[in-house]
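Participant: Have a peek at entry_13.pdb (PDB, C-alpha atoms).
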ATOM      1  CA  MET A  70     101.546 119.243 112.948  1.00  0.00           C
ATOM      2  CA  ASP A  71     101.897 115.705 114.258  1.00  0.00           C
ATOM      3  CA  PRO A  72     104.564 114.812 116.860  1.00  0.00           C
ATOM      4  CA  HIS A  73     107.081 113.849 114.142  1.00  0.00           C
ATOM      5  CA  GLY A  74     107.086 117.285 112.501  1.00  0.00           C
ATOM      6  CA  LYS A  75     105.041 116.218 109.503  1.00  0.00           C
ATOM      7  CA  SER A  76     101.921 117.996 108.433  1.00  0.00           C
ATOM      8  CA  ILE A  77      98.667 116.163 109.029  1.00  0.00           C
ATOM      9  CA  SER A  78      98.259 115.533 105.285  1.00  0.00           C
ATOM     10  CA  GLN A  79     101.746 113.995 105.092  1.00  0.00           C
ATOM     11  CA  ALA A  80     101.055 111.801 108.116  1.00  0.00           C
ATOM     12  CA  SER A  81      97.849 110.519 106.519  1.00  0.00           C
ATOM     13  CA  ASP A  82      99.716 109.895 103.239  1.00  0.00           C
ATOM     14  CA  ARG A  83     101.704 107.164 104.972  1.00  0.00           C
ATOM     15  CA  TRP A  84      98.457 105.268 105.513  1.00  0.00           C
ATOM     16  CA  SER A  85      97.381 105.777 101.917  1.00  0.00           C
ATOM     17  CA  GLY A  86     100.758 104.385 100.793  1.00  0.00           C
ATOM     18  CA  LEU A  87     100.272 101.336 103.000  1.00  0.00           C
ATOM     19  CA  ARG A  88      96.718 100.974 101.704  1.00  0.00           C
ATOM     20  CA  ASN A  89      97.998 101.087  98.123  1.00  0.00           C
ATOM     21  CA  ALA A  90     100.666  98.522  98.935  1.00  0.00           C
ATOM     22  CA  ALA A  91      98.013  96.238 100.431  1.00  0.00           C
ATOM     23  CA  LEU A  92      95.878  96.676  97.306  1.00  0.00           C
ATOM     24  CA  GLY A  93      98.889  95.793  95.137  1.00  0.00           C
ATOM     25  CA  VAL A  94      99.569  92.628  97.120  1.00  0.00           C
ATOM     26  CA  GLY A  95      95.875  91.765  96.925  1.00  0.00           C
ATOM     27  CA  ALA A  96      95.896  92.260  93.150  1.00  0.00           C
ATOM     28  CA  ALA A  97      98.967  90.033  92.798  1.00  0.00           C
ATOM     29  CA  THR A  98      97.305  87.364  94.952  1.00  0.00           C
ATOM     30  CA  LEU A  99      94.178  87.564  92.789  1.00  0.00           C
ATOM     31  CA  ILE A 100      96.255  87.174  89.610  1.00  0.00           C
ATOM     32  CA  VAL A 101      97.975  84.096  91.046  1.00  0.00           C
ATOM     33  CA  ALA A 102      94.621  82.685  92.144  1.00  0.00           C
ATOM     34  CA  LEU A 103      93.173  83.159  88.659  1.00  0.00           C
ATOM     35  CA  THR A 104      96.180  81.821  86.750  1.00  0.00           C
ATOM     36  CA  ALA A 105      96.943  78.918  89.098  1.00  0.00           C
ATOM     37  CA  PRO A 106      93.697  78.011  90.903  1.00  0.00           C
ATOM     38  CA  GLY A 107      95.257  74.999  92.617  1.00  0.00           C
ATOM     39  CA  ALA A 108      97.887  77.162  94.263  1.00  0.00           C
ATOM     40  CA  PHE A 109      95.655  77.920  97.227  1.00  0.00           C
ATOM     41  CA  THR A 110      93.316  74.915  97.389  1.00  0.00           C
ATOM     42  CA  ASP A 111      95.933  72.171  97.399  1.00  0.00           C
ATOM     43  CA  LEU A 112      99.107  73.884  98.523  1.00  0.00           C
ATOM     44  CA  GLY A 113     101.107  70.666  99.014  1.00  0.00           C
ATOM     45  CA  ALA A 114     100.442  69.336  95.513  1.00  0.00           C
ATOM     46  CA  PHE A 115     101.097  72.760  94.029  1.00  0.00           C
ATOM     47  CA  ALA A 116     104.436  72.987  95.890  1.00  0.00           C
ATOM     48  CA  GLN A 117     105.486  69.603  94.486  1.00  0.00           C
ATOM     49  CA  GLN A 118     104.338  70.537  90.991  1.00  0.00           C
ATOM     50  CA  VAL A 119     106.455  73.716  90.897  1.00  0.00           C
ATOM     51  CA  ARG A 120     109.359  72.044  92.723  1.00  0.00           C
ATOM     52  CA  PHE A 121     109.140  74.340  95.740  1.00  0.00           C
ATOM     53  CA  GLN A 122     112.345  73.655  97.642  1.00  0.00           C
ATOM     54  CA  PRO A 123     113.353  76.557  99.906  1.00  0.00           C
ATOM     55  CA  HIS A 124     117.122  76.709 100.355  1.00  0.00           C
ATOM     56  CA  ALA A 125     119.904  79.126 101.182  1.00  0.00           C
ATOM     57  CA  PRO A 126     120.101  81.799  98.494  1.00  0.00           C
ATOM     58  CA  ASP A 127     122.184  80.761  95.502  1.00  0.00           C
ATOM     59  CA  PHE A 128     123.603  84.102  94.353  1.00  0.00           C
ATOM     60  CA  SER A 129     125.746  82.377  91.746  1.00  0.00           C
ATOM     61  CA  ARG A 130     122.615  82.253  89.588  1.00  0.00           C
ATOM     62  CA  ILE A 131     122.486  86.052  89.607  1.00  0.00           C
ATOM     63  CA  ALA A 132     126.191  86.208  88.759  1.00  0.00           C
ATOM     64  CA  ALA A 133     125.566  83.831  85.837  1.00  0.00           C
ATOM     65  CA  ALA A 134     122.582  85.849  84.557  1.00  0.00           C
ATOM     66  CA  PRO A 135     122.979  88.119  81.515  1.00  0.00           C
ATOM     67  CA  ALA A 136     124.286  91.643  82.197  1.00  0.00           C
ATOM     68  CA  VAL A 137     120.916  93.240  81.399  1.00  0.00           C
ATOM     69  CA  VAL A 138     119.266  91.097  84.095  1.00  0.00           C
ATOM     70  CA  GLN A 139     121.930  92.101  86.611  1.00  0.00           C
ATOM     71  CA  VAL A 140     121.475  95.807  85.770  1.00  0.00           C
ATOM     72  CA  HIS A 141     117.713  95.384  86.047  1.00  0.00           C
ATOM     73  CA  LEU A 142     117.943  93.666  89.434  1.00  0.00           C
ATOM     74  CA  PHE A 143     120.440  96.184  90.842  1.00  0.00           C
ATOM     75  CA  SER A 144     118.393  99.190  89.708  1.00  0.00           C
ATOM     76  CA  ALA A 145     115.143  97.660  90.982  1.00  0.00           C
ATOM     77  CA  LEU A 146     116.642  96.947  94.407  1.00  0.00           C
ATOM     78  CA  THR A 147     118.091 100.470  94.507  1.00  0.00           C
ATOM     79  CA  ALA A 148     114.694 101.960  93.627  1.00  0.00           C
ATOM     80  CA  LEU A 149     112.989  99.769  96.234  1.00  0.00           C
ATOM     81  CA  ALA A 150     115.356 100.834  99.031  1.00  0.00           C
ATOM     82  CA  ILE A 151     115.166 104.526  98.121  1.00  0.00           C
ATOM     83  CA  GLY A 152     111.401 104.299  97.648  1.00  0.00           C
ATOM     84  CA  VAL A 153     110.863 102.943 101.147  1.00  0.00           C
ATOM     85  CA  VAL A 154     112.960 105.796 102.576  1.00  0.00           C
ATOM     86  CA  LEU A 155     111.049 108.369 100.513  1.00  0.00           C
ATOM     87  CA  MET A 156     107.683 107.006 101.614  1.00  0.00           C
ATOM     88  CA  MET A 157     108.610 107.263 105.295  1.00  0.00           C
ATOM     89  CA  ARG A 158     110.335 110.671 105.357  1.00  0.00           C
ATOM     90  CA  VAL A 159     109.129 114.260 105.233  1.00  0.00           C
ATOM     91  CA  LYS A 160     108.389 115.422 101.704  1.00  0.00           C
ATOM     92  CA  GLY A 161     109.734 118.548 100.025  1.00  0.00           C
ATOM     93  CA  THR A 162     113.104 118.667 101.765  1.00  0.00           C
ATOM     94  CA  THR A 163     116.439 118.841  99.968  1.00  0.00           C
ATOM     95  CA  LEU A 164     117.086 115.201 100.907  1.00  0.00           C
ATOM     96  CA  HIS A 165     113.693 114.211  99.487  1.00  0.00           C
ATOM     97  CA  LYS A 166     114.493 115.960  96.208  1.00  0.00           C
ATOM     98  CA  LEU A 167     117.961 114.397  95.951  1.00  0.00           C
ATOM     99  CA  LEU A 168     116.684 110.906  96.754  1.00  0.00           C
ATOM    100  CA  GLY A 169     113.705 111.503  94.469  1.00  0.00           C
ATOM    101  CA  TRP A 170     115.924 112.205  91.459  1.00  0.00           C
ATOM    102  CA  THR A 171     118.010 109.143  92.308  1.00  0.00           C
ATOM    103  CA  TRP A 172     114.794 107.102  92.536  1.00  0.00           C
ATOM    104  CA  VAL A 173     113.648 108.419  89.141  1.00  0.00           C
ATOM    105  CA  LEU A 174     116.959 107.348  87.576  1.00  0.00           C
ATOM    106  CA  ALA A 175     116.789 103.913  89.235  1.00  0.00           C
ATOM    107  CA  MET A 176     113.159 103.384  88.165  1.00  0.00           C
ATOM    108  CA  GLY A 177     113.938 104.546  84.634  1.00  0.00           C
ATOM    109  CA  SER A 178     116.851 102.109  84.456  1.00  0.00           C
ATOM    110  CA  THR A 179     114.648  99.344  85.814  1.00  0.00           C
ATOM    111  CA  ALA A 180     111.893 100.007  83.275  1.00  0.00           C
ATOM    112  CA  VAL A 181     114.157 100.407  80.249  1.00  0.00           C
ATOM    113  CA  SER A 182     116.308  97.373  81.093  1.00  0.00           C
ATOM    114  CA  SER A 183     113.163  95.242  81.469  1.00  0.00           C
ATOM    115  CA  LEU A 184     112.359  95.843  77.801  1.00  0.00           C
ATOM    116  CA  PHE A 185     115.420  93.764  76.903  1.00  0.00           C
ATOM    117  CA  ILE A 186     114.472  90.852  79.173  1.00  0.00           C
ATOM    118  CA  ARG A 187     112.133  88.574  77.229  1.00  0.00           C
ATOM    119  CA  GLU A 188     113.254  85.024  77.952  1.00  0.00           C
ATOM    120  CA  ILE A 189     110.110  84.120  79.871  1.00  0.00           C
ATOM    121  CA  ASN A 190     107.803  84.741  76.882  1.00  0.00           C
ATOM    122  CA  HIS A 191     109.898  83.168  74.104  1.00  0.00           C
ATOM    123  CA  GLY A 192     111.361  86.494  72.953  1.00  0.00           C
ATOM    124  CA  ALA A 193     108.098  88.454  72.957  1.00  0.00           C
ATOM    125  CA  PHE A 194     106.836  91.106  75.336  1.00  0.00           C
ATOM    126  CA  SER A 195     104.726  89.894  78.249  1.00  0.00           C
ATOM    127  CA  PHE A 196     102.030  91.376  80.460  1.00  0.00           C
ATOM    128  CA  ILE A 197     104.621  92.690  82.894  1.00  0.00           C
ATOM    129  CA  HIS A 198     106.137  94.888  80.175  1.00  0.00           C
ATOM    130  CA  LEU A 199     102.970  96.992  80.376  1.00  0.00           C
ATOM    131  CA  LEU A 200     104.184  98.113  83.811  1.00  0.00           C
ATOM    132  CA  SER A 201     107.484  99.128  82.209  1.00  0.00           C
ATOM    133  CA  GLY A 202     105.712 101.234  79.608  1.00  0.00           C
ATOM    134  CA  TRP A 203     103.542 102.794  82.288  1.00  0.00           C
ATOM    135  CA  THR A 204     106.668 103.687  84.281  1.00  0.00           C
ATOM    136  CA  ILE A 205     108.534 105.118  81.269  1.00  0.00           C
ATOM    137  CA  ILE A 206     105.573 107.396  80.526  1.00  0.00           C
ATOM    138  CA  GLY A 207     104.669 108.097  84.164  1.00  0.00           C
ATOM    139  CA  LEU A 208     108.090 109.180  85.452  1.00  0.00           C
ATOM    140  CA  PRO A 209     108.381 112.343  83.316  1.00  0.00           C
ATOM    141  CA  GLY A 210     104.709 113.077  84.005  1.00  0.00           C
ATOM    142  CA  ALA A 211     105.218 112.876  87.762  1.00  0.00           C
ATOM    143  CA  VAL A 212     108.305 115.113  87.598  1.00  0.00           C
ATOM    144  CA  TYR A 213     106.396 117.585  85.417  1.00  0.00           C
ATOM    145  CA  ALA A 214     103.521 117.576  87.924  1.00  0.00           C
ATOM    146  CA  ILE A 215     105.726 118.502  90.881  1.00  0.00           C
ATOM    147  CA  LYS A 216     107.525 121.183  88.830  1.00  0.00           C
ATOM    148  CA  ARG A 217     104.104 122.734  88.192  1.00  0.00           C
ATOM    149  CA  GLY A 218     103.150 122.527  91.882  1.00  0.00           C
ATOM    150  CA  LYS A 219     100.642 119.700  91.444  1.00  0.00           C
ATOM    151  CA  VAL A 220     101.624 117.847  94.612  1.00  0.00           C
ATOM    152  CA  SER A 221      98.612 115.523  94.651  1.00  0.00           C
ATOM    153  CA  ALA A 222      99.165 114.363  91.057  1.00  0.00           C
ATOM    154  CA  HIS A 223     102.881 113.859  91.779  1.00  0.00           C
ATOM    155  CA  ARG A 224     102.132 111.867  94.938  1.00  0.00           C
ATOM    156  CA  LYS A 225      99.595 109.626  93.207  1.00  0.00           C
ATOM    157  CA  ALA A 226     101.858 108.929  90.234  1.00  0.00           C
ATOM    158  CA  MET A 227     104.940 108.166  92.327  1.00  0.00           C
ATOM    159  CA  THR A 228     103.021 106.007  94.796  1.00  0.00           C
ATOM    160  CA  GLY A 229     101.405 104.141  91.912  1.00  0.00           C
ATOM    161  CA  MET A 230     104.774 103.470  90.293  1.00  0.00           C
ATOM    162  CA  PHE A 231     106.223 102.335  93.619  1.00  0.00           C
ATOM    163  CA  VAL A 232     103.359  99.935  94.275  1.00  0.00           C
ATOM    164  CA  GLY A 233     102.778  98.718  90.715  1.00  0.00           C
ATOM    165  CA  GLY A 234     106.236  99.054  89.225  1.00  0.00           C
ATOM    166  CA  LEU A 235     108.179  97.731  92.202  1.00  0.00           C
ATOM    167  CA  LEU A 236     105.992  95.820  94.659  1.00  0.00           C
ATOM    168  CA  VAL A 237     103.590  94.068  92.277  1.00  0.00           C
ATOM    169  CA  ALA A 238     106.224  93.532  89.574  1.00  0.00           C
ATOM    170  CA  GLY A 239     108.617  92.367  92.305  1.00  0.00           C
ATOM    171  CA  LEU A 240     106.136  89.717  93.398  1.00  0.00           C
ATOM    172  CA  PHE A 241     106.068  88.405  89.826  1.00  0.00           C
ATOM    173  CA  THR A 242     109.833  87.795  90.017  1.00  0.00           C
ATOM    174  CA  PHE A 243     109.133  85.038  92.532  1.00  0.00           C
ATOM    175  CA  LEU A 244     106.917  83.012  90.168  1.00  0.00           C
ATOM    176  CA  PRO A 245     108.197  79.506  89.343  1.00  0.00           C
ATOM    177  CA  GLY A 246     110.797  79.552  86.598  1.00  0.00           C
ATOM    178  CA  ARG A 247     111.881  83.164  87.170  1.00  0.00           C
ATOM    179  CA  LEU A 248     115.395  84.024  88.359  1.00  0.00           C
ATOM    180  CA  LEU A 249     114.571  85.031  91.941  1.00  0.00           C
ATOM    181  CA  TRP A 250     112.434  81.905  92.302  1.00  0.00           C
ATOM    182  CA  THR A 251     115.472  79.770  91.488  1.00  0.00           C
ATOM    183  CA  VAL A 252     117.754  81.853  93.720  1.00  0.00           C
ATOM    184  CA  PHE A 253     115.582  81.478  96.817  1.00  0.00           C
ATOM    185  CA  LEU A 254     112.941  78.765  96.349  1.00  0.00           C
ATOM    186  CA  GLY A 255     113.567  76.458  93.406  1.00  0.00           C
TER     187      GLY A 255
END
Could you quickly redo this structure as structure tokens?
Facilitator:
Amino acid sequence: MDPHGKSISQASDRWSGLRNAALGVGAATLIVALTAPGAFTDLGAFAQQVRFQPHAPDFSRIAAAPAVVQVHLFSALTALAIGVVLMMRVKGTTLHKLLGWTWVLAMGSTAVSSLFIREINHGAFSFIHLLSGWTIIGLPGAVYAIKRGKVSAHRKAMTGMFVGGLLVAGLFTFLPGRLLWTVFLG
């Protein structure tokens, strides 16, 4: 046992979660570098090109967004907050199970609602919808794994959905032209 009452394997899992988060951020950075090569080489010109103008958050843009976007944002933020708590706390407790089911519902709502948000790709599905499909399939699989006692498979699936479905997809919401870009930066 470590000093915080967690088993050694649970204490090391925190580092694997942070490693996965770092890999997700690195993957998102690589995608931006490949799709917008000038973003890193000439940051000033790129900032002018995308009209980068940091300002106080304009939450009226969220209020004016369609209901499905508001549901999506609320459920994603709920899943993010609960996910951070779940990653940092002891696993297997009653609180973990209760928060875990709440997280599953929030992630499911996030993934399903995203299927109805298609404005950015002229009404068609985009690359980011692959993450939604992965989450819709992965959530029941991860629950099934823990019900069968496959802790490692459950941990990998849930951590992957947290990193890919929330952190990486969340970074994409700050691309120029997206809602959170306009709320905070555009």
Participant: Using all atoms listed in the file, determine which residues lie at most 12 Å from Leu167 in chain A, disregarding the query and same-chain residues fewer than 5 positions distant; provide the list as a list in words.
Facilitator: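 Contacts, with the query itself left out: Ile151, Val154, Leu155, Lys160, Gly161, Thr162, Trp172, Val173 and Leu174 of chain A.
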Participant: Quick one: residues within 7 Å of range 132-148 of chain A, only C-alpha atoms, excluding same-chain residues fewer than 4 positions away - as number ranges by chain?
Facilitator: A: 128, 152, 172, 175-176, 178-179, 182-183, 186
Participant: Name all residues at most 8 Å from Gly177 in chain A (count all atoms listed in the file; drop same-chain ones fewer than 4 positions away) and give them as a ChimeraX atom specification.
Facilitator: /A:173,181,204-205,208
Participant: Please, what distance in Å, to one decimal, runs between CA of Leu199 in chain A and CA of Met230 in chain A?
Facilitator: 12.0 Å
Participant: Using Å and a single decimal, report how far CA of Lys216 in chain A sits from CA of Trp203 in chain A.
Facilitator: 19.9 Å
Participant: If we draw a sphere of 10 Å around (111.2, 114.0, 87.6), which residues have at least one atom in it when counting all atoms listed in the file? Please report them as a list of chain:residue names.
Facilitator: A:Lys166, A:Gly169, A:Trp170, A:Thr171, A:Trp172, A:Val173, A:Leu174, A:Gly207, A:Leu208, A:Pro209, A:Gly210, A:Ala211, A:Val212, A:Tyr213, A:Ala214, A:Ile215, A:Lys216, A:His223, A:Met227
Participant: For Ile189 in chain A, please output as a PyMOL selection string all residues within 12 Å (counting all atoms listed in the file; exclusion window: fewer than 2 positions along the same chain).
Facilitator: chain A and resi 183+185-187+191-198+241-242+244-248
Participant: If you measure from CA of Pro126 in chain A to CA of Gly234 in chain A, what distance in Å do you get, rounded to one decimal?
Facilitator: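 Computed distance, CA of Pro126 in chain A to CA of Gly234 in chain A, equals 24.0 Å.
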Participant: Around all the atoms of range 191-198 of chain A listed in the file, draw an axis-aligned box and extend it by 8 Å on each of the six sides; I want its centre and edge lengths in Å to one decimal, as JSON.
Facilitator:
{"center_x": 106.7, "center_y": 89.0, "center_z": 77.9, "size_x": 25.3, "size_y": 27.7, "size_z": 25.9}
Participant: A:Val232, A:Leu249, A:Ala91, A:Ala125: which is nearest Met156 in chain A, counting all atoms listed in the file?
Facilitator: A:Val232
